[in-house]
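Colleague: Following this line is final10.pdb, made up of PDB, C-alpha atoms, pLDDT in the B column:
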```
ATOM      1  CA  MET U   1       0.915  14.302  17.767  1.00 86.00           C
ATOM      2  CA  GLU U   2       2.502  13.021  14.556  1.00 93.00           C
ATOM      3  CA  LEU U   3       2.591   9.427  13.387  1.00 96.00           C
ATOM      4  CA  TRP U   4       4.948   8.776  10.465  1.00 98.00           C
ATOM      5  CA  ILE U   5       4.324   6.020   7.930  1.00 98.00           C
ATOM      6  CA  GLY U   6       7.000   5.235   5.350  1.00 98.00           C
ATOM      7  CA  ILE U   7       5.897   3.144   2.374  1.00 97.00           C
ATOM      8  CA  ASP U   8       7.953   1.394  -0.271  1.00 96.00           C
ATOM      9  CA  GLU U   9       7.516  -1.604  -2.515  1.00 96.00           C
ATOM     10  CA  SER U  10       9.384  -4.637  -3.771  1.00 96.00           C
ATOM     11  CA  GLY U  11       8.369  -5.945  -7.167  1.00 94.00           C
ATOM     12  CA  ASP U  12       6.676  -4.093  -9.979  1.00 92.00           C
ATOM     13  CA  LEU U  13       3.251  -3.324 -11.433  1.00 89.00           C
ATOM     14  CA  GLY U  14       3.897  -5.174 -14.687  1.00 90.00           C
ATOM     15  CA  PHE U  15       2.280  -8.372 -15.955  1.00 91.00           C
ATOM     16  CA  LYS U  16       4.754  -9.489 -18.599  1.00 90.00           C
ATOM     17  CA  ASP U  17       6.859 -12.662 -18.573  1.00 85.00           C
ATOM     18  CA  ARG U  18       9.780 -10.916 -16.867  1.00 89.00           C
ATOM     19  CA  SER U  19       7.632  -9.042 -14.354  1.00 93.00           C
ATOM     20  CA  SER U  20       7.779  -9.929 -10.674  1.00 95.00           C
ATOM     21  CA  LYS U  21       5.430 -12.586  -9.308  1.00 94.00           C
ATOM     22  CA  TYR U  22       4.467 -10.403  -6.367  1.00 96.00           C
ATOM     23  CA  LEU U  23       4.117  -6.761  -5.476  1.00 96.00           C
ATOM     24  CA  VAL U  24       4.929  -6.247  -1.797  1.00 97.00           C
ATOM     25  CA  LEU U  25       4.172  -2.943  -0.068  1.00 97.00           C
ATOM     26  CA  ALA U  26       5.752  -2.341   3.332  1.00 98.00           C
ATOM     27  CA  PHE U  27       4.236   0.198   5.750  1.00 98.00           C
ATOM     28  CA  VAL U  28       6.604   1.309   8.510  1.00 98.00           C
ATOM     29  CA  PHE U  29       4.995   3.100  11.463  1.00 98.00           C
ATOM     30  CA  THR U  30       6.967   5.254  13.898  1.00 97.00           C
ATOM     31  CA  MET U  31       6.861   8.306  16.119  1.00 95.00           C
ATOM     32  CA  SER U  32      10.670   8.481  16.193  1.00 93.00           C
ATOM     33  CA  ILE U  33      11.548   9.318  12.603  1.00 96.00           C
ATOM     34  CA  PHE U  34      14.477  11.622  13.428  1.00 96.00           C
ATOM     35  CA  ASP U  35      16.278   8.931  15.407  1.00 97.00           C
ATOM     36  CA  ILE U  36      15.690   6.448  12.553  1.00 98.00           C
ATOM     37  CA  ARG U  37      17.128   8.832   9.981  1.00 98.00           C
ATOM     38  CA  LYS U  38      20.244   9.391  12.087  1.00 98.00           C
ATOM     39  CA  LYS U  39      20.891   5.688  12.684  1.00 98.00           C
ATOM     40  CA  MET U  40      20.331   4.671   9.059  1.00 98.00           C
ATOM     41  CA  ARG U  41      22.651   7.401   7.754  1.00 98.00           C
ATOM     42  CA  ARG U  42      25.275   6.377  10.292  1.00 98.00           C
ATOM     43  CA  LEU U  43      25.097   2.753   9.102  1.00 98.00           C
ATOM     44  CA  LEU U  44      25.419   3.839   5.463  1.00 98.00           C
ATOM     45  CA  LYS U  45      28.608   5.760   6.290  1.00 98.00           C
ATOM     46  CA  LYS U  46      29.978   2.772   8.185  1.00 98.00           C
ATOM     47  CA  LEU U  47      29.364   0.380   5.263  1.00 97.00           C
ATOM     48  CA  VAL U  48      30.946   2.811   2.801  1.00 97.00           C
ATOM     49  CA  ARG U  49      33.947   3.215   5.084  1.00 97.00           C
ATOM     50  CA  LYS U  50      34.354  -0.572   5.207  1.00 96.00           C
ATOM     51  CA  LYS U  51      34.107  -0.623   1.386  1.00 95.00           C
ATOM     52  CA  MET U  52      31.060  -2.894   1.526  1.00 96.00           C
ATOM     53  CA  TRP U  53      28.810  -0.352  -0.205  1.00 96.00           C
ATOM     54  CA  PRO U  54      29.496   1.954  -3.182  1.00 94.00           C
ATOM     55  CA  ARG U  55      30.317   5.506  -2.204  1.00 92.00           C
ATOM     56  CA  GLU U  56      28.488   6.651  -5.362  1.00 92.00           C
ATOM     57  CA  LEU U  57      25.148   5.362  -4.031  1.00 91.00           C
ATOM     58  CA  TYR U  58      23.565   7.716  -1.523  1.00 93.00           C
ATOM     59  CA  GLU U  59      21.051   5.259  -0.132  1.00 96.00           C
ATOM     60  CA  LEU U  60      20.766   1.713   1.166  1.00 97.00           C
ATOM     61  CA  LYS U  61      18.705  -0.631  -1.011  1.00 96.00           C
ATOM     62  CA  PHE U  62      17.805  -4.284  -0.561  1.00 97.00           C
ATOM     63  CA  THR U  63      18.402  -5.022  -4.253  1.00 95.00           C
ATOM     64  CA  LEU U  64      21.372  -3.911  -6.310  1.00 91.00           C
ATOM     65  CA  SER U  65      21.063  -3.824 -10.100  1.00 89.00           C
ATOM     66  CA  LYS U  66      24.238  -4.841 -11.913  1.00 90.00           C
ATOM     67  CA  VAL U  67      23.108  -2.885 -14.962  1.00 89.00           C
ATOM     68  CA  LYS U  68      22.548   0.310 -12.980  1.00 88.00           C
ATOM     69  CA  LEU U  69      25.842  -0.087 -11.169  1.00 91.00           C
ATOM     70  CA  ARG U  70      27.693  -0.361 -14.476  1.00 91.00           C
ATOM     71  CA  GLU U  71      25.859   2.715 -15.770  1.00 90.00           C
ATOM     72  CA  ARG U  72      27.325   4.627 -12.815  1.00 88.00           C
ATOM     73  CA  GLY U  73      30.792   3.293 -13.537  1.00 90.00           C
ATOM     74  CA  ILE U  74      30.725   0.940 -10.543  1.00 91.00           C
ATOM     75  CA  ASP U  75      32.116  -2.590 -10.744  1.00 91.00           C
ATOM     76  CA  PRO U  76      29.182  -4.832  -9.693  1.00 90.00           C
ATOM     77  CA  GLU U  77      31.301  -7.790  -8.640  1.00 90.00           C
ATOM     78  CA  LYS U  78      33.161  -5.617  -6.149  1.00 90.00           C
ATOM     79  CA  TYR U  79      30.005  -5.095  -4.099  1.00 93.00           C
ATOM     80  CA  MET U  80      27.657  -7.972  -4.957  1.00 93.00           C
ATOM     81  CA  ARG U  81      29.743 -10.326  -2.802  1.00 93.00           C
ATOM     82  CA  TYR U  82      28.936  -8.165   0.214  1.00 96.00           C
ATOM     83  CA  LEU U  83      25.222  -7.899  -0.507  1.00 96.00           C
ATOM     84  CA  ASP U  84      24.133 -10.630   1.909  1.00 97.00           C
ATOM     85  CA  ASP U  85      26.253  -9.196   4.734  1.00 97.00           C
ATOM     86  CA  VAL U  86      24.910  -5.691   4.069  1.00 97.00           C
ATOM     87  CA  ARG U  87      21.314  -6.941   4.174  1.00 98.00           C
ATOM     88  CA  ILE U  88      21.924  -8.660   7.501  1.00 98.00           C
ATOM     89  CA  ASN U  89      23.608  -5.557   8.956  1.00 98.00           C
ATOM     90  CA  VAL U  90      20.728  -3.320   7.885  1.00 98.00           C
ATOM     91  CA  LEU U  91      18.016  -5.708   9.059  1.00 98.00           C
ATOM     92  CA  LYS U  92      19.687  -6.147  12.450  1.00 98.00           C
ATOM     93  CA  LEU U  93      19.574  -2.383  12.867  1.00 98.00           C
ATOM     94  CA  ILE U  94      15.940  -2.260  11.726  1.00 98.00           C
ATOM     95  CA  LYS U  95      15.107  -4.861  14.371  1.00 97.00           C
ATOM     96  CA  GLU U  96      16.349  -2.420  17.028  1.00 97.00           C
ATOM     97  CA  LEU U  97      14.453   0.633  15.734  1.00 98.00           C
ATOM     98  CA  GLU U  98      11.271   1.933  17.338  1.00 97.00           C
ATOM     99  CA  ILE U  99       8.973   0.874  14.514  1.00 98.00           C
ATOM    100  CA  ASN U 100       5.979  -1.310  13.751  1.00 97.00           C
ATOM    101  CA  VAL U 101       5.441  -2.820  10.323  1.00 98.00           C
ATOM    102  CA  ALA U 102       2.482  -3.936   8.230  1.00 98.00           C
ATOM    103  CA  VAL U 103       2.574  -5.417   4.751  1.00 97.00           C
ATOM    104  CA  SER U 104       0.283  -5.569   1.722  1.00 97.00           C
ATOM    105  CA  ILE U 105       0.991  -8.432  -0.702  1.00 97.00           C
ATOM    106  CA  VAL U 106      -0.341  -8.683  -4.253  1.00 96.00           C
ATOM    107  CA  ASP U 107      -0.224 -12.146  -5.805  1.00 94.00           C
ATOM    108  CA  LYS U 108      -0.418 -11.225  -9.471  1.00 93.00           C
ATOM    109  CA  ARG U 109      -2.067 -14.512 -10.423  1.00 90.00           C
ATOM    110  CA  PHE U 110      -5.289 -13.248  -8.854  1.00 91.00           C
ATOM    111  CA  VAL U 111      -5.364  -9.651 -10.101  1.00 91.00           C
ATOM    112  CA  GLN U 112      -8.524  -8.891 -12.074  1.00 88.00           C
ATOM    113  CA  HIS U 113      -8.148  -7.991 -15.731  1.00 88.00           C
ATOM    114  CA  HIS U 114      -9.399  -4.395 -15.418  1.00 88.00           C
ATOM    115  CA  LEU U 115      -6.788  -3.689 -12.738  1.00 90.00           C
ATOM    116  CA  LYS U 116      -3.988  -5.207 -14.818  1.00 90.00           C
ATOM    117  CA  ASN U 117      -4.724  -2.555 -17.435  1.00 88.00           C
ATOM    118  CA  ASN U 118      -4.727   0.266 -14.879  1.00 89.00           C
ATOM    119  CA  PRO U 119      -1.582  -0.029 -12.715  1.00 87.00           C
ATOM    120  CA  ASN U 120      -2.124   3.273 -10.881  1.00 85.00           C
ATOM    121  CA  LYS U 121      -5.614   2.165  -9.827  1.00 89.00           C
ATOM    122  CA  LEU U 122      -4.216  -1.178  -8.648  1.00 92.00           C
ATOM    123  CA  TYR U 123      -1.413   0.540  -6.714  1.00 90.00           C
ATOM    124  CA  ASN U 124      -3.789   3.036  -5.094  1.00 90.00           C
ATOM    125  CA  TYR U 125      -6.214   0.328  -3.984  1.00 93.00           C
ATOM    126  CA  VAL U 126      -3.712  -2.127  -2.472  1.00 95.00           C
ATOM    127  CA  LEU U 127      -1.994   0.760  -0.682  1.00 95.00           C
ATOM    128  CA  VAL U 128      -4.897   2.883   0.529  1.00 96.00           C
ATOM    129  CA  HIS U 129      -7.501   0.235   1.400  1.00 95.00           C
ATOM    130  CA  PRO U 130      -5.389  -1.791   3.858  1.00 95.00           C
ATOM    131  CA  LEU U 131      -3.728   1.348   5.225  1.00 96.00           C
ATOM    132  CA  ILE U 132      -7.020   2.984   6.182  1.00 95.00           C
ATOM    133  CA  VAL U 133      -9.239   0.017   6.986  1.00 93.00           C
ATOM    134  CA  HIS U 134      -6.727  -2.287   8.673  1.00 94.00           C
ATOM    135  CA  PHE U 135      -3.278  -0.952   9.510  1.00 96.00           C
ATOM    136  CA  ILE U 136      -3.993   2.474  11.024  1.00 95.00           C
ATOM    137  CA  GLN U 137      -7.053   1.117  12.793  1.00 93.00           C
ATOM    138  CA  LYS U 138      -5.038  -1.679  14.386  1.00 94.00           C
ATOM    139  CA  TYR U 139      -2.211   0.720  15.287  1.00 93.00           C
ATOM    140  CA  ASN U 140      -4.839   2.804  17.148  1.00 90.00           C
ATOM    141  CA  PRO U 141      -3.445   6.351  16.802  1.00 91.00           C
ATOM    142  CA  ILE U 142      -4.176   9.073  19.333  1.00 91.00           C
ATOM    143  CA  PRO U 143      -7.335  11.002  18.288  1.00 90.00           C
ATOM    144  CA  GLY U 144      -6.487  14.152  16.383  1.00 91.00           C
ATOM    145  CA  SER U 145      -3.074  12.850  15.286  1.00 93.00           C
ATOM    146  CA  THR U 146      -1.550  13.921  11.999  1.00 96.00           C
ATOM    147  CA  ILE U 147      -0.562  10.960   9.864  1.00 96.00           C
ATOM    148  CA  GLN U 148       2.525  11.852   7.833  1.00 97.00           C
ATOM    149  CA  VAL U 149       2.608   9.406   4.915  1.00 96.00           C
ATOM    150  CA  ILE U 150       5.925   9.344   3.030  1.00 97.00           C
ATOM    151  CA  LEU U 151       6.165   7.625  -0.355  1.00 95.00           C
ATOM    152  CA  ASP U 152       9.170   6.966  -2.531  1.00 91.00           C
ATOM    153  CA  LYS U 153       8.884   9.358  -5.462  1.00 85.00           C
ATOM    154  CA  ARG U 154       7.353   7.470  -8.385  1.00 78.00           C
ATOM    155  CA  LEU U 155       4.200   9.397  -9.276  1.00 75.00           C
ATOM    156  CA  GLY U 156       3.899  12.451 -11.493  1.00 77.00           C
ATOM    157  CA  SER U 157       2.115  15.531 -10.141  1.00 83.00           C
ATOM    158  CA  ARG U 158      -1.254  14.593 -11.658  1.00 85.00           C
ATOM    159  CA  ALA U 159      -1.052  10.997 -10.409  1.00 82.00           C
ATOM    160  CA  MET U 160       0.000  12.250  -6.978  1.00 87.00           C
ATOM    161  CA  ASN U 161      -2.971  14.612  -6.785  1.00 89.00           C
ATOM    162  CA  ASN U 162      -5.229  11.718  -7.797  1.00 87.00           C
ATOM    163  CA  PHE U 163      -3.691   9.597  -5.070  1.00 89.00           C
ATOM    164  CA  ARG U 164      -4.274  12.257  -2.392  1.00 91.00           C
ATOM    165  CA  GLU U 165      -7.873  12.684  -3.557  1.00 92.00           C
ATOM    166  CA  TYR U 166      -8.442   8.930  -3.562  1.00 92.00           C
ATOM    167  CA  LEU U 167      -7.070   8.571  -0.028  1.00 94.00           C
ATOM    168  CA  ALA U 168      -9.229  11.420   1.294  1.00 93.00           C
ATOM    169  CA  LYS U 169     -12.392  10.066  -0.347  1.00 93.00           C
ATOM    170  CA  LYS U 170     -11.685   6.526   0.830  1.00 94.00           C
ATOM    171  CA  TYR U 171     -11.174   7.700   4.402  1.00 94.00           C
ATOM    172  CA  ASP U 172     -14.377   9.794   4.389  1.00 93.00           C
ATOM    173  CA  TYR U 173     -16.416   7.017   2.771  1.00 92.00           C
ATOM    174  CA  MET U 174     -15.255   4.336   5.188  1.00 92.00           C
ATOM    175  CA  LYS U 175     -15.785   6.633   8.166  1.00 90.00           C
ATOM    176  CA  GLU U 176     -19.133   8.227   7.305  1.00 89.00           C
ATOM    177  CA  TYR U 177     -20.913   5.620   5.186  1.00 86.00           C
ATOM    178  CA  GLU U 178     -19.370   2.215   5.808  1.00 85.00           C
ATOM    179  CA  ARG U 179     -18.680   3.081   9.475  1.00 86.00           C
ATOM    180  CA  ARG U 180     -15.649   0.806   9.397  1.00 89.00           C
ATOM    181  CA  ILE U 181     -13.291   3.420  10.869  1.00 91.00           C
ATOM    182  CA  ASN U 182     -13.339   4.493  14.516  1.00 89.00           C
ATOM    183  CA  TYR U 183     -10.335   6.811  14.539  1.00 92.00           C
ATOM    184  CA  ASN U 184     -10.073  10.521  13.754  1.00 93.00           C
ATOM    185  CA  VAL U 185      -6.866  11.795  12.109  1.00 94.00           C
ATOM    186  CA  ASP U 186      -5.550  14.194   9.490  1.00 94.00           C
ATOM    187  CA  PHE U 187      -3.484  12.971   6.561  1.00 94.00           C
ATOM    188  CA  ASN U 188      -0.485  14.657   4.994  1.00 95.00           C
ATOM    189  CA  VAL U 189       1.004  12.774   2.020  1.00 95.00           C
ATOM    190  CA  SER U 190       4.394  13.557   0.504  1.00 94.00           C
ATOM    191  CA  GLN U 191       6.739  12.022  -2.047  1.00 93.00           C
ATOM    192  CA  VAL U 192      10.487  12.066  -1.486  1.00 94.00           C
ATOM    193  CA  SER U 193      13.346  10.736  -3.583  1.00 92.00           C
ATOM    194  CA  SER U 194      14.527   7.704  -1.636  1.00 92.00           C
ATOM    195  CA  TYR U 195      18.167   8.774  -1.519  1.00 92.00           C
ATOM    196  CA  ARG U 196      17.038  11.809   0.517  1.00 94.00           C
ATOM    197  CA  GLU U 197      14.912   9.875   3.012  1.00 97.00           C
ATOM    198  CA  PRO U 198      16.441   7.083   5.163  1.00 97.00           C
ATOM    199  CA  PHE U 199      12.974   6.226   6.468  1.00 98.00           C
ATOM    200  CA  ILE U 200      12.169   4.904   2.985  1.00 97.00           C
ATOM    201  CA  TRP U 201      15.268   2.681   3.158  1.00 98.00           C
ATOM    202  CA  VAL U 202      13.686   0.872   6.097  1.00 98.00           C
ATOM    203  CA  ALA U 203      10.490   0.181   4.134  1.00 98.00           C
ATOM    204  CA  ASP U 204      12.569  -0.948   1.145  1.00 98.00           C
ATOM    205  CA  TYR U 205      14.421  -3.559   3.212  1.00 98.00           C
ATOM    206  CA  VAL U 206      11.228  -4.822   4.837  1.00 98.00           C
ATOM    207  CA  ALA U 207       9.478  -5.187   1.483  1.00 98.00           C
ATOM    208  CA  GLY U 208      12.547  -6.801  -0.073  1.00 98.00           C
ATOM    209  CA  SER U 209      12.884  -9.319   2.763  1.00 98.00           C
ATOM    210  CA  ILE U 210       9.268 -10.426   2.452  1.00 98.00           C
ATOM    211  CA  ASN U 211       9.383 -10.629  -1.336  1.00 97.00           C
ATOM    212  CA  TYR U 212      12.573 -12.705  -1.064  1.00 98.00           C
ATOM    213  CA  TYR U 213      10.744 -15.116   1.233  1.00 97.00           C
ATOM    214  CA  LEU U 214       7.732 -15.369  -1.084  1.00 96.00           C
ATOM    215  CA  VAL U 215       9.867 -16.110  -4.134  1.00 96.00           C
ATOM    216  CA  THR U 216      12.520 -18.380  -2.603  1.00 97.00           C
ATOM    217  CA  GLY U 217      10.863 -19.814   0.513  1.00 95.00           C
ATOM    218  CA  ASP U 218      13.960 -18.719   2.470  1.00 97.00           C
ATOM    219  CA  ALA U 219      13.056 -16.749   5.602  1.00 96.00           C
ATOM    220  CA  LYS U 220      16.618 -15.815   6.648  1.00 97.00           C
ATOM    221  CA  TYR U 221      15.959 -12.088   6.138  1.00 98.00           C
ATOM    222  CA  LEU U 222      12.329 -12.120   7.245  1.00 98.00           C
ATOM    223  CA  ASP U 223      13.243 -13.864  10.497  1.00 97.00           C
ATOM    224  CA  LEU U 224      15.412 -10.905  11.511  1.00 97.00           C
ATOM    225  CA  ILE U 225      12.473  -8.485  11.474  1.00 97.00           C
ATOM    226  CA  ARG U 226       9.458 -10.743  12.028  1.00 96.00           C
ATOM    227  CA  ASP U 227       8.924  -9.392  15.556  1.00 96.00           C
ATOM    228  CA  LYS U 228       8.269  -5.935  14.079  1.00 97.00           C
ATOM    229  CA  LEU U 229       5.304  -7.117  11.981  1.00 97.00           C
ATOM    230  CA  PHE U 230       1.830  -6.498  13.352  1.00 96.00           C
ATOM    231  CA  ASP U 231      -0.447  -6.947  10.320  1.00 96.00           C
ATOM    232  CA  CYS U 232      -0.539  -8.412   6.811  1.00 96.00           C
ATOM    233  CA  ILE U 233      -3.062  -8.333   3.973  1.00 95.00           C
ATOM    234  CA  TYR U 234      -2.864 -10.737   0.996  1.00 95.00           C
ATOM    235  CA  PHE U 235      -4.591  -9.846  -2.273  1.00 94.00           C
ATOM    236  CA  TRP U 236      -6.721 -11.655  -3.210  1.00 84.00           C
ATOM    237  CA  ASN U 237      -6.345 -15.167  -1.919  1.00 73.00           C
ATOM    238  CA  ASN U 238      -4.664 -17.563   0.527  1.00 72.00           C
ATOM    239  CA  PRO U 239      -4.550 -15.673   3.866  1.00 75.00           C
ATOM    240  CA  ARG U 240      -2.412 -18.476   5.343  1.00 88.00           C
ATOM    241  CA  VAL U 241       0.580 -16.864   3.631  1.00 91.00           C
ATOM    242  CA  CYS U 242       0.149 -13.931   6.019  1.00 92.00           C
ATOM    243  CA  ASP U 243      -0.052 -16.283   8.976  1.00 92.00           C
ATOM    244  CA  LYS U 244       3.365 -17.705   8.023  1.00 92.00           C
ATOM    245  CA  ILE U 245       4.856 -14.259   7.531  1.00 93.00           C
ATOM    246  CA  LEU U 246       3.560 -13.063  10.894  1.00 92.00           C
ATOM    247  CA  GLY U 247       4.778 -16.249  12.586  1.00 89.00           C
ATOM    248  CA  ARG U 248       1.315 -17.605  13.345  1.00 76.00           C
ATOM    249  CA  ARG U 249       0.950 -21.370  13.149  1.00 61.00           C
TER     250      ARG U 249
END
```
Once you've parsed the file, please lay out its structure as structure tokens.
Modeller:
Amino acid sequence: MELWIGIDESGDLGFKDRSSKYLVLAFVFTMSIFDIRKKMRRLLKKLVRKKMWPRELYELKFTLSKVKLRERGIDPEKYMRYLDDVRINVLKLIKELEINVAVSIVDKRFVQHHLKNNPNKLYNYVLVHPLIVHFIQKYNPIPGSTIQVILDKRLGSRAMNNFREYLAKKYDYMKEYERRINYNVDFNVSQVSSYREPFIWVADYVAGSINYYLVTGDAKYLDLIRDKLFDCIYFWNNPRVCDKILGRR
């Protein structure tokens, strides 16, 4: 039995004045990845056909960069006016997919100094710790399942090997020594360029919707997919933010 988990982020790992306030990691769980890929590709073609999305972009993304569009010879104003409608179309489809979603939120105001200076270590921790200790455990996979973890390609080969090693050690440590894990699975981790993997598009839109809510206080995108959310971890403070995101009062 295979359980697929697509992971993508909204925000960045920087701590400069222009860096994002939050780093949001979305974890999308499914056992129906092939159906998801087909439906997301079909929607992309539909939006291109309606001239709501640039033909030159081979993926759906929550955020469009005007600078990057111009670099590709695309007129930003032609498509930015459709951005809200595209987001709503994509999120309405996501609401209908056979998925469950968890989210890891980093409030950069509370990140410790030693982690600010080591972004890969920060990224690994806020991804792997909640994934192993909270999200998979709560999802309750069938014993002996293979967990196929798909990441958007951002790590070099050495960093990716370090990530795989960190995940394996964390899983073994929590299972054998901390005894905080009661499931038994195998992990297979891969990186894929997002334009090749529609499953990553889903995680991108989830992460973008939640980050938009955190920054603006506007839940118009989050509300469309809130029913898909089953868990949330907030680093390192204020768990009530997760209660609001999950719709708990």
Colleague: So which residues touch Ala102 (chain U) within 6 Å, counting only C-alpha atoms, skipping near sequence neighbours fewer than 4 positions away, as a PyMOL selection string?
Modeller: chain U and resi 27+229-232
Colleague: What lies within 12 Å of Cys242 (chain U) using only C-alpha atoms, ignoring chain neighbours under 5 positions off, as a ChimeraX atom specification?
Modeller: /U:24,102-107,210,213-214,226,229-237,247-249
Colleague: Report as a short mmCIF file (atom, residue, chain, number, x, y, z; two decimals) with C-alpha atoms, in the frame of the given file all protein, DNA and RNA residues lying within 8 Å of region 90-101 of chain U, evaluated on all atoms listed in the file, omitting residues in the same chain fewer than 5 positions from it.
Modeller:
```cif
data_model
loop_
_atom_site.label_atom_id
_atom_site.label_comp_id
_atom_site.auth_asym_id
_atom_site.auth_seq_id
_atom_site.Cartn_x
_atom_site.Cartn_y
_atom_site.Cartn_z
CA ALA U 26 5.75 -2.34 3.33
CA PHE U 27 4.24 0.20 5.75
CA VAL U 28 6.60 1.31 8.51
CA PHE U 29 5.00 3.10 11.46
CA THR U 30 6.97 5.25 13.90
CA MET U 31 6.86 8.31 16.12
CA SER U 32 10.67 8.48 16.19
CA ILE U 36 15.69 6.45 12.55
CA LEU U 43 25.10 2.75 9.10
CA VAL U 202 13.69 0.87 6.10
CA TYR U 205 14.42 -3.56 3.21
CA TYR U 221 15.96 -12.09 6.14
CA LEU U 224 15.41 -10.90 11.51
CA ILE U 225 12.47 -8.48 11.47
CA ASP U 227 8.92 -9.39 15.56
CA LYS U 228 8.27 -5.94 14.08
CA LEU U 229 5.30 -7.12 11.98
CA PHE U 230 1.83 -6.50 13.35
CA ASP U 231 -0.45 -6.95 10.32
#
```
Colleague: For CA of Val149 (chain U) and CA of Val189 (chain U), determine how far apart the two atoms are, in Å to one decimal place.
Modeller: 4.7 Å
Colleague: Distance cut-off 12 Å, centre (-2.1, 8.8, -5.0) in file coordinates, counting all atoms listed in the file: which residues qualify? Return them as JSON, numbers by chain.
Modeller: {"U": [119, 120, 121, 122, 123, 124, 125, 126, 127, 128, 129, 149, 150, 151, 152, 153, 154, 155, 156, 157, 158, 159, 160, 161, 162, 163, 164, 165, 166, 167, 168, 169, 170, 188, 189, 190, 191]}
Colleague: Edge lengths and centre, in Å to one decimal, as lines of an AutoDock Vina configuration file: that's what I need for the box along x, y and z that holds all listed atoms of region 201-207 of chain U plus 6 Å on each side.
Modeller:
```
center_x = 12.4
center_y = -1.3
center_z = 3.6
size_x = 17.8
size_y = 19.9
size_z = 17.0
```
Colleague: For a quick check of understanding, using all atoms listed in the file, which of U:Pro76, U:Val215, U:Leu57, U:Arg240 has the smallest distance to Lys45 (chain U)?
Modeller: U:Leu57
Colleague: Provide the CA of Tyr183 (chain U) to CA of Gly144 (chain U) distance in Å, to one decimal place.
Modeller: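 Rounded to one decimal, the two atoms are 8.5 Å apart.
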Colleague: Of the candidates U:Lys244, U:Arg196, U:Arg55, U:Arg81, which one gets nearest to Ala219 (chain U) if we count all atoms listed in the file?
Modeller: U:Lys244
Colleague: Give the answer as one residue: which of U:Gln148, U:Glu77, U:Phe110, U:Val48 has the shortest atom-to-atom distance to Phe199 (chain U), using only C-alpha atoms?
Modeller: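 Going through U:Gln148, U:Glu77, U:Phe110, U:Val48 one by one, the smallest distance to Phe199 (chain U) is for U:Gln148.
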Colleague: To one decimal place, how far is CA of Gly208 (chain U) from CA of Lys38 (chain U) in Å?
Modeller: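 Value for the CA of Gly208 (chain U)-CA of Lys38 (chain U) distance: 21.7 Å.
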Colleague: Taking only C-alpha atoms into account, name the residue in U:Met174, U:Val192, U:Leu222, U:Leu246 that is nearest to Asp8 (chain U).
Modeller: U:Val192
Colleague: What's around Tyr58 (chain U) at 9 Å? Count all atoms listed in the file, leave out sequence neighbours fewer than 2 positions away in its own chain, and write the answer as number ranges by chain.
Modeller: U: 44, 54-56, 60, 195-196
Colleague: If the PyMOL selection byres ((chain U and resi 11) around 9) were run on this exact file, what residues would it hold? Put them as a PyMOL selection string.
Modeller: chain U and resi 9-10+12-14+19-25+207-208+211
Colleague: Include C-alpha atoms and write out the residues we just selected as a PDB file, in the frame of the given file.
Modeller:
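Contents of out-v3.pdb, freshly written:
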```
ATOM      1  CA  GLU U   9       7.516  -1.604  -2.515  1.00 96.00           C
ATOM      2  CA  SER U  10       9.384  -4.637  -3.771  1.00 96.00           C
ATOM      3  CA  ASP U  12       6.676  -4.093  -9.979  1.00 92.00           C
ATOM      4  CA  LEU U  13       3.251  -3.324 -11.433  1.00 89.00           C
ATOM      5  CA  GLY U  14       3.897  -5.174 -14.687  1.00 90.00           C
ATOM      6  CA  SER U  19       7.632  -9.042 -14.354  1.00 93.00           C
ATOM      7  CA  SER U  20       7.779  -9.929 -10.674  1.00 95.00           C
ATOM      8  CA  LYS U  21       5.430 -12.586  -9.308  1.00 94.00           C
ATOM      9  CA  TYR U  22       4.467 -10.403  -6.367  1.00 96.00           C
ATOM     10  CA  LEU U  23       4.117  -6.761  -5.476  1.00 96.00           C
ATOM     11  CA  VAL U  24       4.929  -6.247  -1.797  1.00 97.00           C
ATOM     12  CA  LEU U  25       4.172  -2.943  -0.068  1.00 97.00           C
ATOM     13  CA  ALA U 207       9.478  -5.187   1.483  1.00 98.00           C
ATOM     14  CA  GLY U 208      12.547  -6.801  -0.073  1.00 98.00           C
ATOM     15  CA  ASN U 211       9.383 -10.629  -1.336  1.00 97.00           C
TER      16      ASN U 211
END
```
